[in-house]
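Written out below as structure tokens is the structure these notes cover.
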Amino acid sequence: MFIEWDVPAAARPPALKALFPVVPGSDLVNDVLAPGGGFGFNFIPLWLTAINTLKWVPDVQSIVDGQFDYQWLADRGASPLTFMDVFLNAYTATRFQDADPRLAEHLTDTSPSRREYLSDPSRIEVSTFVVGGWHDLFTYSESKIYCPC
């Protein structure tokens, strides 16, 4: 699940007077996974490859200290290439009906997993200065956060 940047602000803590999010996202599917409604070919392959490679780098200090975390290893063994099968299916399925159900669910606006990747900036009631640019990763979200009309 996507951890929303706006959740703490939506809780309206008394000490919070303003927000200054830099390149915030509120719709990861439209921003990253499927910009413009089509599965992205730019960011996703690099990101998934990096994540799936780096997650195998162990904590060297724990090995040196003899405190290796075997649960860490078991977790990686349970999902050695997280979402890579979905990623490959997205590039090889010729029809939406043939897409991996997990991919189809993320691309369906009303599905529960799709809703998990949305945040609601309209819940924020403090002054907010959104920083972003034309070529940022979350370009779609930045304008929606500015005016959640």
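Chains: A, B, ... in order of the structure tokens. Residues: from 1 per chain. Ligands: from 1, in order shown.
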Excluding same-chain residues fewer than 2 positions from stretch 80-87 of chain A, what lies within 7 Å of it counting only C-alpha atoms, as an NGL selection string? :A and (52 or 76-78 or 89-91 or 100 or 103)
Take the selection from the previous step and output its residues with N, CA, C and O atoms, as a compact mmCIF listing (two decimals), in the first residue's frame.
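Written file, part_6.txt:
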```
# COMPACT_ATOMS: atom_id res chain seq x y z
N ASN A 52 14.20 -4.77 -7.00
CA ASN A 52 14.40 -6.21 -6.89
C ASN A 52 15.87 -6.59 -6.79
O ASN A 52 16.20 -7.65 -6.27
N ARG A 76 12.78 -12.53 1.42
CA ARG A 76 13.24 -12.37 0.04
C ARG A 76 13.03 -13.66 -0.75
O ARG A 76 12.67 -13.63 -1.91
N GLY A 77 13.22 -14.79 -0.12
CA GLY A 77 13.00 -16.07 -0.78
C GLY A 77 11.53 -16.29 -1.12
O GLY A 77 11.21 -16.92 -2.14
N ALA A 78 10.63 -15.74 -0.30
CA ALA A 78 9.19 -15.89 -0.56
C ALA A 78 8.75 -15.08 -1.77
O ALA A 78 7.78 -15.41 -2.44
N ASN A 89 4.19 -9.55 -17.88
CA ASN A 89 2.87 -9.77 -18.47
C ASN A 89 2.33 -8.49 -19.09
O ASN A 89 1.70 -8.52 -20.16
N ALA A 90 2.58 -7.35 -18.45
CA ALA A 90 2.08 -6.08 -18.98
C ALA A 90 2.67 -5.77 -20.34
O ALA A 90 2.03 -5.17 -21.19
N TYR A 91 3.91 -6.19 -20.55
CA TYR A 91 4.58 -5.93 -21.82
C TYR A 91 4.31 -6.98 -22.89
O TYR A 91 4.59 -6.77 -24.05
N ASP A 100 -2.45 -10.00 -16.46
CA ASP A 100 -2.41 -10.57 -15.13
C ASP A 100 -3.50 -9.90 -14.30
O ASP A 100 -3.64 -8.67 -14.35
N LEU A 103 -2.44 -6.81 -12.41
CA LEU A 103 -2.26 -5.62 -13.24
C LEU A 103 -3.62 -5.02 -13.60
O LEU A 103 -3.82 -3.81 -13.48
```
Would you kindly return, as a PyMOL selection string, each protein, DNA or RNA residue with an atom no farther than 12 Å from any atom of A:Pro13, considering only C-alpha atoms and excluding same-chain residues fewer than 6 positions away? chain A and resi 7+124-126
So that I have them on file, write out the residues from the current selection with all heavy atoms, as a PDB file, in the first residue's frame.
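Output contents, as saved in selection-v4.pdb:
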```pdb
ATOM      1  N   VAL A   7      -1.680  12.076   4.790  1.00  0.00           N
ATOM      2  CA  VAL A   7      -2.415  11.508   5.919  1.00  0.00           C
ATOM      3  C   VAL A   7      -2.130  12.244   7.226  1.00  0.00           C
ATOM      4  O   VAL A   7      -3.064  12.592   7.947  1.00  0.00           O
ATOM      5  CB  VAL A   7      -2.153   9.989   6.054  1.00  0.00           C
ATOM      6  CG1 VAL A   7      -2.680   9.449   7.360  1.00  0.00           C
ATOM      7  CG2 VAL A   7      -2.765   9.262   4.874  1.00  0.00           C
ATOM      8  N   ILE A 124      -6.794  18.208   3.417  1.00  0.00           N
ATOM      9  CA  ILE A 124      -5.825  19.089   4.073  1.00  0.00           C
ATOM     10  C   ILE A 124      -6.421  20.492   4.182  1.00  0.00           C
ATOM     11  O   ILE A 124      -6.892  21.045   3.192  1.00  0.00           O
ATOM     12  CB  ILE A 124      -4.506  19.120   3.279  1.00  0.00           C
ATOM     13  CG1 ILE A 124      -3.897  17.716   3.267  1.00  0.00           C
ATOM     14  CG2 ILE A 124      -3.539  20.129   3.878  1.00  0.00           C
ATOM     15  CD1 ILE A 124      -2.715  17.579   2.371  1.00  0.00           C
ATOM     16  N   GLU A 125      -6.368  21.028   5.384  1.00  0.00           N
ATOM     17  CA  GLU A 125      -6.965  22.345   5.605  1.00  0.00           C
ATOM     18  C   GLU A 125      -5.954  23.438   5.927  1.00  0.00           C
ATOM     19  O   GLU A 125      -6.330  24.582   6.105  1.00  0.00           O
ATOM     20  CB  GLU A 125      -8.006  22.253   6.712  1.00  0.00           C
ATOM     21  CG  GLU A 125      -9.192  21.377   6.309  1.00  0.00           C
ATOM     22  CD  GLU A 125     -10.262  21.310   7.379  1.00  0.00           C
ATOM     23  OE1 GLU A 125     -10.064  21.856   8.487  1.00  0.00           O
ATOM     24  OE2 GLU A 125     -11.301  20.709   7.100  1.00  0.00           O
ATOM     25  N   VAL A 126      -4.665  23.084   5.994  1.00  0.00           N
ATOM     26  CA  VAL A 126      -3.650  24.109   6.257  1.00  0.00           C
ATOM     27  C   VAL A 126      -3.085  24.608   4.930  1.00  0.00           C
ATOM     28  O   VAL A 126      -3.233  23.949   3.889  1.00  0.00           O
ATOM     29  CB  VAL A 126      -2.506  23.570   7.148  1.00  0.00           C
ATOM     30  CG1 VAL A 126      -3.028  23.176   8.511  1.00  0.00           C
ATOM     31  CG2 VAL A 126      -1.776  22.435   6.480  1.00  0.00           C
TER      32      VAL A 126
END
```
Based on DSSP run over this structure's backbone, return all residues of stretch 60-149 of chain A in helix (DSSP H, G or I), as an NGL selection string. :A and (60-64 or 70-78 or 84-92 or 96-98 or 101-107 or 112-116 or 121-123 or 139-146)
Could you save those same residues with N, CA and C atoms as a short mmCIF file (atom, residue, chain, number, x, y, z; two decimals), in the first residue's frame?
```cif
data_model
loop_
_atom_site.label_atom_id
_atom_site.label_comp_id
_atom_site.auth_asym_id
_atom_site.auth_seq_id
_atom_site.Cartn_x
_atom_site.Cartn_y
_atom_site.Cartn_z
N VAL A 60 25.52 -5.91 5.96
CA VAL A 60 26.86 -6.46 6.15
C VAL A 60 27.26 -6.42 7.62
N GLN A 61 26.91 -5.35 8.30
CA GLN A 61 27.26 -5.23 9.72
C GLN A 61 26.66 -6.37 10.53
N SER A 62 25.43 -6.76 10.22
CA SER A 62 24.80 -7.86 10.97
C SER A 62 25.53 -9.18 10.71
N ILE A 63 26.04 -9.36 9.50
CA ILE A 63 26.80 -10.57 9.18
C ILE A 63 28.11 -10.58 9.96
N VAL A 64 28.80 -9.44 9.97
CA VAL A 64 30.08 -9.32 10.69
C VAL A 64 29.87 -9.57 12.19
N TYR A 70 17.75 -14.06 9.60
CA TYR A 70 17.28 -15.12 8.71
C TYR A 70 15.85 -14.88 8.24
N GLN A 71 15.07 -14.12 8.99
CA GLN A 71 13.72 -13.77 8.54
C GLN A 71 13.81 -12.86 7.31
N TRP A 72 14.80 -11.99 7.29
CA TRP A 72 15.05 -11.13 6.12
C TRP A 72 15.27 -12.00 4.89
N LEU A 73 16.09 -13.03 5.02
CA LEU A 73 16.37 -13.93 3.91
C LEU A 73 15.12 -14.72 3.51
N ALA A 74 14.36 -15.17 4.47
CA ALA A 74 13.12 -15.91 4.19
C ALA A 74 12.12 -15.03 3.44
N ASP A 75 12.02 -13.77 3.83
CA ASP A 75 11.11 -12.83 3.15
C ASP A 75 11.51 -12.65 1.69
N ARG A 76 12.78 -12.53 1.42
CA ARG A 76 13.24 -12.37 0.04
C ARG A 76 13.03 -13.66 -0.75
N GLY A 77 13.22 -14.79 -0.12
CA GLY A 77 13.00 -16.07 -0.78
C GLY A 77 11.53 -16.29 -1.12
N ALA A 78 10.63 -15.74 -0.30
CA ALA A 78 9.19 -15.89 -0.56
C ALA A 78 8.75 -15.08 -1.77
N MET A 84 7.77 -8.71 -10.81
CA MET A 84 8.40 -8.83 -12.13
C MET A 84 7.54 -9.66 -13.08
N ASP A 85 6.81 -10.65 -12.55
CA ASP A 85 5.92 -11.43 -13.41
C ASP A 85 4.78 -10.56 -13.94
N VAL A 86 4.27 -9.66 -13.12
CA VAL A 86 3.22 -8.73 -13.55
C VAL A 86 3.77 -7.77 -14.60
N PHE A 87 4.96 -7.27 -14.34
CA PHE A 87 5.64 -6.36 -15.25
C PHE A 87 5.83 -7.00 -16.63
N LEU A 88 6.33 -8.23 -16.65
CA LEU A 88 6.53 -8.92 -17.93
C LEU A 88 5.22 -9.19 -18.63
N ASN A 89 4.19 -9.55 -17.88
CA ASN A 89 2.87 -9.77 -18.47
C ASN A 89 2.33 -8.49 -19.09
N ALA A 90 2.58 -7.35 -18.45
CA ALA A 90 2.08 -6.08 -18.98
C ALA A 90 2.67 -5.77 -20.34
N TYR A 91 3.91 -6.19 -20.55
CA TYR A 91 4.58 -5.93 -21.82
C TYR A 91 4.31 -6.98 -22.89
N THR A 92 3.77 -8.13 -22.48
CA THR A 92 3.58 -9.21 -23.45
C THR A 92 2.12 -9.52 -23.74
N PHE A 96 -6.19 -6.51 -22.98
CA PHE A 96 -6.41 -6.24 -21.57
C PHE A 96 -6.99 -7.47 -20.87
N GLN A 97 -7.84 -8.22 -21.57
CA GLN A 97 -8.47 -9.41 -21.01
C GLN A 97 -7.42 -10.48 -20.66
N ASP A 98 -6.25 -10.44 -21.30
CA ASP A 98 -5.20 -11.42 -21.05
C ASP A 98 -4.20 -10.96 -20.00
N PRO A 101 -4.28 -10.66 -13.53
CA PRO A 101 -5.36 -10.05 -12.74
C PRO A 101 -4.88 -8.94 -11.81
N ARG A 102 -3.65 -9.06 -11.29
CA ARG A 102 -3.14 -8.00 -10.41
C ARG A 102 -2.92 -6.71 -11.18
N LEU A 103 -2.44 -6.81 -12.41
CA LEU A 103 -2.26 -5.62 -13.24
C LEU A 103 -3.62 -5.02 -13.60
N ALA A 104 -4.52 -5.87 -14.03
CA ALA A 104 -5.86 -5.39 -14.40
C ALA A 104 -6.54 -4.69 -13.23
N GLU A 105 -6.34 -5.23 -12.03
CA GLU A 105 -6.96 -4.62 -10.85
C GLU A 105 -6.37 -3.23 -10.59
N HIS A 106 -5.05 -3.07 -10.75
CA HIS A 106 -4.44 -1.76 -10.54
C HIS A 106 -4.87 -0.75 -11.60
N LEU A 107 -5.18 -1.21 -12.78
CA LEU A 107 -5.58 -0.31 -13.85
C LEU A 107 -7.08 -0.04 -13.90
N PRO A 112 -10.42 -2.16 -5.38
CA PRO A 112 -9.87 -1.84 -4.06
C PRO A 112 -8.36 -1.56 -4.09
N SER A 113 -7.59 -2.34 -4.83
CA SER A 113 -6.15 -2.09 -4.84
C SER A 113 -5.83 -0.78 -5.55
N ARG A 114 -6.61 -0.41 -6.55
CA ARG A 114 -6.41 0.89 -7.23
C ARG A 114 -6.68 2.03 -6.26
N ARG A 115 -7.72 1.89 -5.44
CA ARG A 115 -8.07 2.93 -4.48
C ARG A 115 -6.98 3.11 -3.42
N GLU A 116 -6.24 2.02 -3.13
CA GLU A 116 -5.17 2.11 -2.14
C GLU A 116 -4.04 3.05 -2.59
N PRO A 121 -5.92 14.91 -1.26
CA PRO A 121 -5.38 16.19 -0.78
C PRO A 121 -6.45 17.17 -0.32
N SER A 122 -7.71 16.97 -0.71
CA SER A 122 -8.76 17.90 -0.29
C SER A 122 -9.02 17.83 1.21
N ARG A 123 -8.51 16.81 1.88
CA ARG A 123 -8.67 16.68 3.34
C ARG A 123 -7.75 17.62 4.11
N THR A 139 3.80 14.68 -12.11
CA THR A 139 3.25 15.87 -12.77
C THR A 139 1.72 15.89 -12.72
N TYR A 140 1.09 14.77 -12.95
CA TYR A 140 -0.38 14.71 -12.92
C TYR A 140 -0.89 15.09 -11.54
N SER A 141 -0.29 14.52 -10.50
CA SER A 141 -0.75 14.76 -9.13
C SER A 141 -0.52 16.19 -8.67
N GLU A 142 0.58 16.78 -9.08
CA GLU A 142 0.89 18.12 -8.59
C GLU A 142 -0.21 19.11 -8.91
N SER A 143 -0.75 19.06 -10.11
CA SER A 143 -1.83 19.98 -10.46
C SER A 143 -3.11 19.63 -9.71
N LYS A 144 -3.37 18.35 -9.48
CA LYS A 144 -4.56 17.94 -8.72
C LYS A 144 -4.45 18.36 -7.26
N ILE A 145 -3.23 18.31 -6.71
CA ILE A 145 -3.04 18.72 -5.32
C ILE A 145 -3.24 20.23 -5.21
N TYR A 146 -2.76 20.96 -6.22
CA TYR A 146 -2.91 22.42 -6.22
C TYR A 146 -4.38 22.81 -6.24
#
```
Return the single residue from A:Asp59, A:Asp120, A:Asp109, A:Asp136 that is closest to A:Ser26, with distances computed using only C-alpha atoms.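 Ranking A:Asp59, A:Asp120, A:Asp109, A:Asp136 by distance to A:Ser26, first place goes to A:Asp120.
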Residues of chain A in strand (DSSP E or B), written as a VMD selection string: chain A and resid 18 to 19 22 27 118 127 to 128 131
Which is closer to A:Pro8 than all the others in A:Ser111, A:Pro35, A:Trp134, A:Ser119, using only C-alpha atoms? A:Ser119
